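**Q** Take a look at this one; I'll ask things after.
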Amino acid sequence: MDENSLTSNSTEDKIICYAPRMITTNGVWQGDNPLEYSLPLFILQLTMVVMMTRTLVFLLKPFRQPRVISEILGGVILGPSVLGRSDQFSNALFPLRSVMVLEAMANVGLLYFLFLIGVEMELSVIRRSGRKAMAIAAAGMILPFGIGAVFSFQLHKVDQKLNYSTYIMFLGIALSVTAFPVLARILAELKLINSELGRMAMASALFNDMCAWVLLALALALSENDSSSLASLWVVLSSTGFVLFCIFIIRPIVAWMIRKTPEGESVSEFSICLILTGVIISGFITDAIGTHSVFGAFVFGLVIPNGSLGVALIEKLEDFVSGLLLPLFFAISGLKTNVRSIDGLMTWVSILFITVLAFIGKVIGTLLASVCYQMSYREGVTLGLLMNTKGLVEMIILNVGKDQQILDDQTFTVMVIVALIMTGIITPVVTILYRPTRRLLPYKKRTIQASKPDSEFRVLVCIHTPRNVPTIINLLDASNPTKRSPICIYVLHLVELTGRASAMLIVHNTRKSGRPAVNRTQAHSEHIISAFENYEQHIDCVSVQPLTAISPYSTMHEDICYLAEDKRVAFIIIPFHKQQTVDGGMESTNPALRLVNQNVLVNAPCSVGILVDRGLSGSNQSGSNKASHYNIIVLFFGGQDDREALAYAWRMSENPRVTLTVMRFIAAEQVIEAKQEADAQGVSAMQTDMVNERQVDEEYINEFMTNNEENNSITYTERILNNGEETVAAIRSMDGAHDLFIVGRGEAQASPLIAGLTDWSECPELGAIGDLLASSDLAATASVLVVEQFGVAMVAEHGEEGRSPHRHDQGDYYQNLRSTNARQHTPSRSHIIYNG
């Protein structure tokens with residue numbers, strides 16, 4: 001008997017003899033070969049599949065390819081197309097006798113994965129998307145389906161057993177389907193998942209998926225060759241009955257189980273076990289009635305209500321199923337793909353021709369529907385490209401077609417290659433064609449200092465966990481929202497992209513009330529949104545727009561910076577990567593967040609503030625926000641960042657519930673140099689920049705003092721020091737009466753007062769003074785806001801046009817800023833104290 005390869009599934013029958021007792025081995029020391037026993041062989045096969053898949057994921061990551069490409073390619077490499085060409089390899093690791101165990105486990109994994117997709121899928125998204133998404137999805141399916149029907153003449157063999165109409169159905173569905181889970185990951189990587197285009201693509205893909213399942217069930221029902229038999233009719237009727245049974249019987253029973261669970265407690269293990277058993281039973285029923293087991297598991301998952309039960313099922317199953325068992329199914333598909341079955345050059349030309357026509361057909365169909373709904377041509381073409389994404393559903397259709405002998409080896413291989421080509425080119429083409437950032441118009445007022453006093457103050461607030469919320473809300477509350485200058489807050493919940501389909505759906509669940517969270521991430525989002533909406537309702541002149549960004553940490557800064565530029569904000573507030581512990585120390589919560597902060601500082605299109613959160617409750621007499629009083633201190637050393645910090649504090653000082661202290665540190669040698677400069681006729685070229693910078697500092701401080709001389713809530717203090725040691729001593733000597741320190745990052749400021757401090761900095765992104773205030777050694781109890789003004793790091797490193805000029809070219813720029821700020825605030829009085 002020929003055991004040449006796993007996939008020699010030709011029309012000839014093979015008889016494989018199994019030894020029922022050869023499941024587990026007695027051990028190599030007893031002379032047994034582990035590869036001759038079912039369990040050790042399956043473990044080795046699973047290990048090879050997972051290792052091959054993960055290796056390809058790593059290798060294809062720079063090309064931005066979705067994971068499904070790596071999973072299918074892994075199977076192709078292990079199969080008869082590459083490594084399976086060796087008889088020794090195929091007979092030893094993938095013999096025909098192992099097919100039953102391997103495919104059984106792959107289908108069990110597929111069964112539970114489709115169940116999880118059903119649990120995670122929101123049918124309400126399709127209802128909310130309206131006719132637009134449905135029309136786009138339908139238009140994108142009709143043309144590729146027609147192309148599949150036309151080319152089925154060439155691929156269909158006359159001697160094939162099944163009728164021609166069934167062949168057309170399978171080929172057309174495979175070409176017209178869109179893979180929703182794969183599309184969601186591509187949209188997240190392209191930074192489009194939060195855009196209007198991304199939401200439309202997601203909704204259309206959901207509707208497309210649902211249509212594909214219905215068409216697949218119908219194709220299976222019509223696959224009966226005997227046209228005189230009523231079997232097809234019975235399959236359709238029994239499948240409809242199963243769906244109705246799940247909706248009207250199973251769903252109420254599951255809902256009753258959830259209601260019986262006490263509030264605050266997790267769903268019982270008995271309920272979980274009952275549901276998991278129901279998945280197997282549903283798969284058995286639909287397989288028995290003639291559709292497919294995955295159809296039953298998917299429908300069963302759809303009727304599971306969102307809530308604690310869904311969360312428990314996802315947390316218990318998803319990592320194991322999608323990470324370990326699902327790659328087996330894709331590997332099986334690859335192992336069945338035999339490139340050698342494709343004969344002649346014309347067949348390869350036909351593959352390319354079918355790919356191009358089906359690809360263009362879906363683009364044209366989607367474009368026509370998009371134009372009818374007033375979308376631009378570029379958006380329509382991009383949407384059509386995205387809808388060409390293939391993946392799980394298509395592979396299921398192809399495998400079912402091959403198992404049912406509807407598709408032969410050559411057709412199966414052709415369609416797998418078509419799926420790989422179409423999905424593989426999506427990300428590179430969309431990246432080149434559709435770049436929303438190119439269309440953004442430049443804007444000038446990207447700093448607090450340059451913002452007009454009578455305009456809306458736009459702030460982008462980044463949130464990692466609900467723990468960041470109270471301090472940030474109090475900080476915004478102290479920022480003085482008024483009718484003259486209201487505050488528009490864009491709240492961006494930053495979520496790590498974990499590769500799960502559930503993480504993708506959170507974008508569709510914003511601002512919904514009355515429904516429990518599907519997972520922990522959504523629960524955090526709802527808590528954050530609820531807190532900011534409550535703040536918006538109780539505080540006048542504040543508008544809140546909550547958003548969610550789902551990205552890998554390595555590219556999360558791109559979401560933040562793009563949104564900041566798109567919304568034209570003046571200030572980004574991001575939490576520090578460390579949090580205060582019970583004993584007052586600072587511990588890192590997630591080192592990856594530090595990289596996010598560093599990337600934001602380099603790439604931000606506006607000013608940035610890093611908030612070291614130690615609480616900011618202020619003095620509160622009545623327990624309401626309006627009674628909170630905040631004691632804020634600004635440490636001013638000079639430079640752009642310090643002026644930006646003072647500009648923000650200046651805005652806050654207009655709040656009647658804010659007491660502001662401005663402490664200016666002056667180096668003793670600067671006082672001497674100032675006297676020498678006054679006596680000298682000129683200064684050297686090297687000194688010019690330092691002189692200009694000090695002059696800008698002096699003028700801005702004078703402007704601040706002049707406009708606030710009647711404000712009794714502001715205290716101004718100057719301290720003349722000699723070196724960094726005296727600076728540290730002065731900061732350590734400050735009492736604990738302050739709620740918030742505001743300091744400039746000051747990385748570009750070469751002051752003798754911070755000389756030597758940078759050598760000991762643990763977190764350079766905070767600057768020398770910010771790092772000192774954030775360190776555990778200082779034993780400070782006040783929060784710290786470290787401010788970097790737009791134009792320091794960005795221009796110094798990139799020198800881009802349209803951005804704020806570098807420090808050597810700032811004469812005219814700061815002259816304009818001074819004239820702008822001269823009108824920025826109402827006059828007040830200050831207490832001026834000079835300390836030697």
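Identifiers in this document derive from the order of the structure tokens: chains are assigned A, B, ..., residues are numbered from 1 separately in each chain, and ligands are numbered from 1 in order of occurrence.
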Applying 9 Å and only C-alpha atoms, which residues near Leu407 (chain A) remain after dropping the ones on its own chain fewer than 3 positions away? List them as a PDB file with C-alpha atoms, in the first residue's frame.

**A**
```
ATOM      1  CA  HIS A 156     -15.152  21.657 -13.453  1.00  0.00           C
ATOM      2  CA  GLN A 160     -16.957  14.615 -11.550  1.00  0.00           C
ATOM      3  CA  TYR A 167     -20.005  23.027  -7.861  1.00  0.00           C
ATOM      4  CA  PHE A 170     -19.126  26.263  -3.623  1.00  0.00           C
ATOM      5  CA  LEU A 171     -16.835  28.070  -6.025  1.00  0.00           C
ATOM      6  CA  LEU A 398     -13.145  24.585   0.607  1.00  0.00           C
ATOM      7  CA  ASN A 399     -12.539  21.775   3.098  1.00  0.00           C
ATOM      8  CA  VAL A 400     -16.228  20.869   3.200  1.00  0.00           C
ATOM      9  CA  GLY A 401     -16.289  20.883  -0.601  1.00  0.00           C
ATOM     10  CA  LYS A 402     -13.275  18.583  -0.769  1.00  0.00           C
ATOM     11  CA  ASP A 403     -14.577  16.242   1.935  1.00  0.00           C
ATOM     12  CA  GLN A 404     -17.914  16.024   0.089  1.00  0.00           C
ATOM     13  CA  GLN A 410      -6.711  20.734  -8.483  1.00  0.00           C
ATOM     14  CA  THR A 411      -9.702  22.998  -7.777  1.00  0.00           C
ATOM     15  CA  PHE A 412      -8.991  22.868  -4.037  1.00  0.00           C
TER      16      PHE A 412
END
```

**Q** Can you pull out every residue within 12 Å of Glu698 (chain A), counting only C-alpha atoms, but drop anything in the same chain fewer than 4 positions away, and send it as a list of chain:residue names?

**A**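 Counting only C-alpha atoms, the residues come to A:Phe636, A:Phe637, A:Gly638, A:Gly639, A:Arg643, A:Arg664, A:Ile666, A:Ala674, A:Val691, A:Asn692, A:Glu693, A:Arg694, A:Asn702, A:Glu703, A:Phe704, A:Met705, A:Arg818.
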
**Q** Which neighbours of Val267 (chain A) fall inside 8 Å, counting only C-alpha atoms, when residues of the same chain fewer than 4 positions from it are skipped, and could you give them as a list in words?

**A**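 Once the adjacent positions are removed, what remains is Ile258, Thr261, Ser271, Ile272, Ser308, Leu309 and Ala312 of chain A.
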
**Q** Show which residues sit within 9 Å of Ile23 (chain A), as a list in words. Count only C-alpha atoms, and ignore same-chain residues fewer than 4 positions away.

**A**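 Within the cut-off, the hits are Ala19, Glu36, Tyr37, Ser38, Leu39 and Pro40 of chain A.
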
**Q** Write a file of the just-selected residues containing all heavy atoms, as a CSV table (one decimal), in the first residue's frame.

**A**
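The file below, out-v4.csv, is the result:
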```csv
chain,number,residue,atom,x,y,z
A,19,ALA,N,-4.3,-0.7,14.4
A,19,ALA,CA,-4.1,-1.5,15.6
A,19,ALA,C,-4.8,-0.9,16.8
A,19,ALA,O,-4.2,0.1,17.3
A,19,ALA,CB,-2.7,-1.8,15.8
A,36,GLU,N,5.1,5.1,15.8
A,36,GLU,CA,4.1,4.1,15.4
A,36,GLU,C,2.8,4.0,16.2
A,36,GLU,O,1.9,3.2,15.9
A,36,GLU,CB,4.8,2.7,15.4
A,36,GLU,CG,5.9,2.5,14.4
A,36,GLU,CD,6.6,1.2,14.5
A,36,GLU,OE1,6.2,0.4,15.3
A,36,GLU,OE2,7.5,0.9,13.7
A,37,TYR,N,2.8,4.9,17.2
A,37,TYR,CA,1.6,4.9,18.1
A,37,TYR,C,0.9,6.3,17.9
A,37,TYR,O,1.5,7.3,17.7
A,37,TYR,CB,2.1,4.8,19.6
A,37,TYR,CG,2.7,3.4,19.8
A,37,TYR,CD1,4.0,3.1,19.5
A,37,TYR,CD2,1.9,2.4,20.5
A,37,TYR,CE1,4.5,1.8,19.7
A,37,TYR,CE2,2.4,1.1,20.7
A,37,TYR,CZ,3.7,0.9,20.3
A,37,TYR,OH,4.2,-0.4,20.6
A,38,SER,N,-0.4,6.2,18.1
A,38,SER,CA,-1.3,7.4,17.7
A,38,SER,C,-1.0,8.6,18.6
A,38,SER,O,-0.8,9.7,18.0
A,38,SER,CB,-2.7,7.0,17.9
A,38,SER,OG,-3.0,5.9,17.0
A,39,LEU,N,-0.9,8.5,19.9
A,39,LEU,CA,-0.8,9.7,20.8
A,39,LEU,C,0.5,10.4,20.6
A,39,LEU,O,0.6,11.6,20.4
A,39,LEU,CB,-1.1,9.3,22.2
A,39,LEU,CG,-1.1,10.5,23.2
A,39,LEU,CD1,-2.1,11.5,22.8
A,39,LEU,CD2,-1.3,10.0,24.6
A,40,PRO,N,1.7,9.6,20.7
A,40,PRO,CA,3.0,10.4,20.5
A,40,PRO,C,3.1,11.0,19.1
A,40,PRO,O,3.6,12.1,19.0
A,40,PRO,CB,4.0,9.2,20.7
A,40,PRO,CG,3.3,8.2,21.5
A,40,PRO,CD,1.9,8.2,21.1
```

**Q** Using the chain letters and numbers from this document, which residues of region 591-645 of chain A does DSSP assign to strand (DSSP E), as number ranges by chain?

**A** A: 607-612, 619-620, 628-636

**Q** Please produce an output containing N, CA and C atoms for each residue in the selection, written as a tab-separated table (two decimals), in the first residue's frame.

**A**
```tsv
chain	number	residue	atom	x	y	z
A	607	SER	N	1.83	69.85	22.13
A	607	SER	CA	2.50	69.71	23.42
A	607	SER	C	2.01	68.46	24.14
A	608	VAL	N	2.88	67.93	25.01
A	608	VAL	CA	2.60	66.67	25.70
A	608	VAL	C	2.85	66.85	27.20
A	609	GLY	N	1.98	66.25	28.00
A	609	GLY	CA	2.19	66.22	29.44
A	609	GLY	C	2.15	64.80	29.96
A	610	ILE	N	3.19	64.37	30.67
A	610	ILE	CA	3.21	63.05	31.29
A	610	ILE	C	2.79	63.23	32.75
A	611	LEU	N	1.73	62.55	33.15
A	611	LEU	CA	1.17	62.71	34.49
A	611	LEU	C	1.63	61.58	35.40
A	612	VAL	N	2.40	61.93	36.43
A	612	VAL	CA	2.78	60.98	37.48
A	612	VAL	C	1.67	61.02	38.53
A	619	SER	N	-8.23	69.91	48.60
A	619	SER	CA	-8.96	70.03	49.86
A	619	SER	C	-10.44	70.10	49.54
A	620	ASN	N	-11.22	69.24	50.14
A	620	ASN	CA	-12.62	69.06	49.77
A	620	ASN	C	-13.49	69.13	51.02
A	628	SER	N	-13.75	71.35	45.69
A	628	SER	CA	-12.34	70.98	45.76
A	628	SER	C	-11.47	72.21	45.51
A	629	HIS	N	-10.41	72.32	46.30
A	629	HIS	CA	-9.45	73.43	46.15
A	629	HIS	C	-8.08	72.81	45.90
A	630	TYR	N	-7.39	73.33	44.88
A	630	TYR	CA	-6.13	72.73	44.45
A	630	TYR	C	-4.97	73.70	44.70
A	631	ASN	N	-3.93	73.18	45.33
A	631	ASN	CA	-2.69	73.93	45.54
A	631	ASN	C	-1.65	73.44	44.54
A	632	ILE	N	-1.30	74.29	43.60
A	632	ILE	CA	-0.44	73.90	42.48
A	632	ILE	C	0.83	74.74	42.51
A	633	ILE	N	1.96	74.11	42.21
A	633	ILE	CA	3.23	74.82	42.18
A	633	ILE	C	3.93	74.54	40.87
A	634	VAL	N	4.49	75.60	40.28
A	634	VAL	CA	5.28	75.49	39.05
A	634	VAL	C	6.74	75.74	39.39
A	635	LEU	N	7.62	74.83	39.00
A	635	LEU	CA	9.06	75.01	39.17
A	635	LEU	C	9.62	75.47	37.83
A	636	PHE	N	10.08	76.72	37.79
A	636	PHE	CA	10.48	77.35	36.53
A	636	PHE	C	12.00	77.52	36.50
```

**Q** Which neighbours of Gly74 (chain A) fall inside 6 Å, counting only C-alpha atoms, when residues of the same chain fewer than 3 positions from it are skipped, and could you give them as a ChimeraX atom specification?

**A** /A:52-53,70-71,77

**Q** Based on the selection just made, write N, CA and C atoms of those residues as a PDB file, in the first residue's frame.

**A**
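part21.pdb, written as the output of this step:
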```pdb
ATOM      1  N   MET A  52       5.982  25.680  13.289  1.00  0.00           N
ATOM      2  CA  MET A  52       6.056  26.199  11.919  1.00  0.00           C
ATOM      3  C   MET A  52       5.218  27.466  11.783  1.00  0.00           C
ATOM      4  N   THR A  53       4.012  27.445  12.369  1.00  0.00           N
ATOM      5  CA  THR A  53       3.130  28.600  12.286  1.00  0.00           C
ATOM      6  C   THR A  53       3.743  29.816  12.960  1.00  0.00           C
ATOM      7  N   SER A  70       0.201  32.847   7.637  1.00  0.00           N
ATOM      8  CA  SER A  70       1.246  31.995   8.213  1.00  0.00           C
ATOM      9  C   SER A  70       0.712  30.602   8.522  1.00  0.00           C
ATOM     10  N   GLU A  71      -0.530  30.530   8.987  1.00  0.00           N
ATOM     11  CA  GLU A  71      -1.103  29.230   9.355  1.00  0.00           C
ATOM     12  C   GLU A  71      -1.328  28.356   8.127  1.00  0.00           C
ATOM     13  N   ILE A  77       3.791  24.064   3.590  1.00  0.00           N
ATOM     14  CA  ILE A  77       5.209  23.672   3.687  1.00  0.00           C
ATOM     15  C   ILE A  77       5.344  22.257   4.223  1.00  0.00           C
TER      16      ILE A  77
END
```
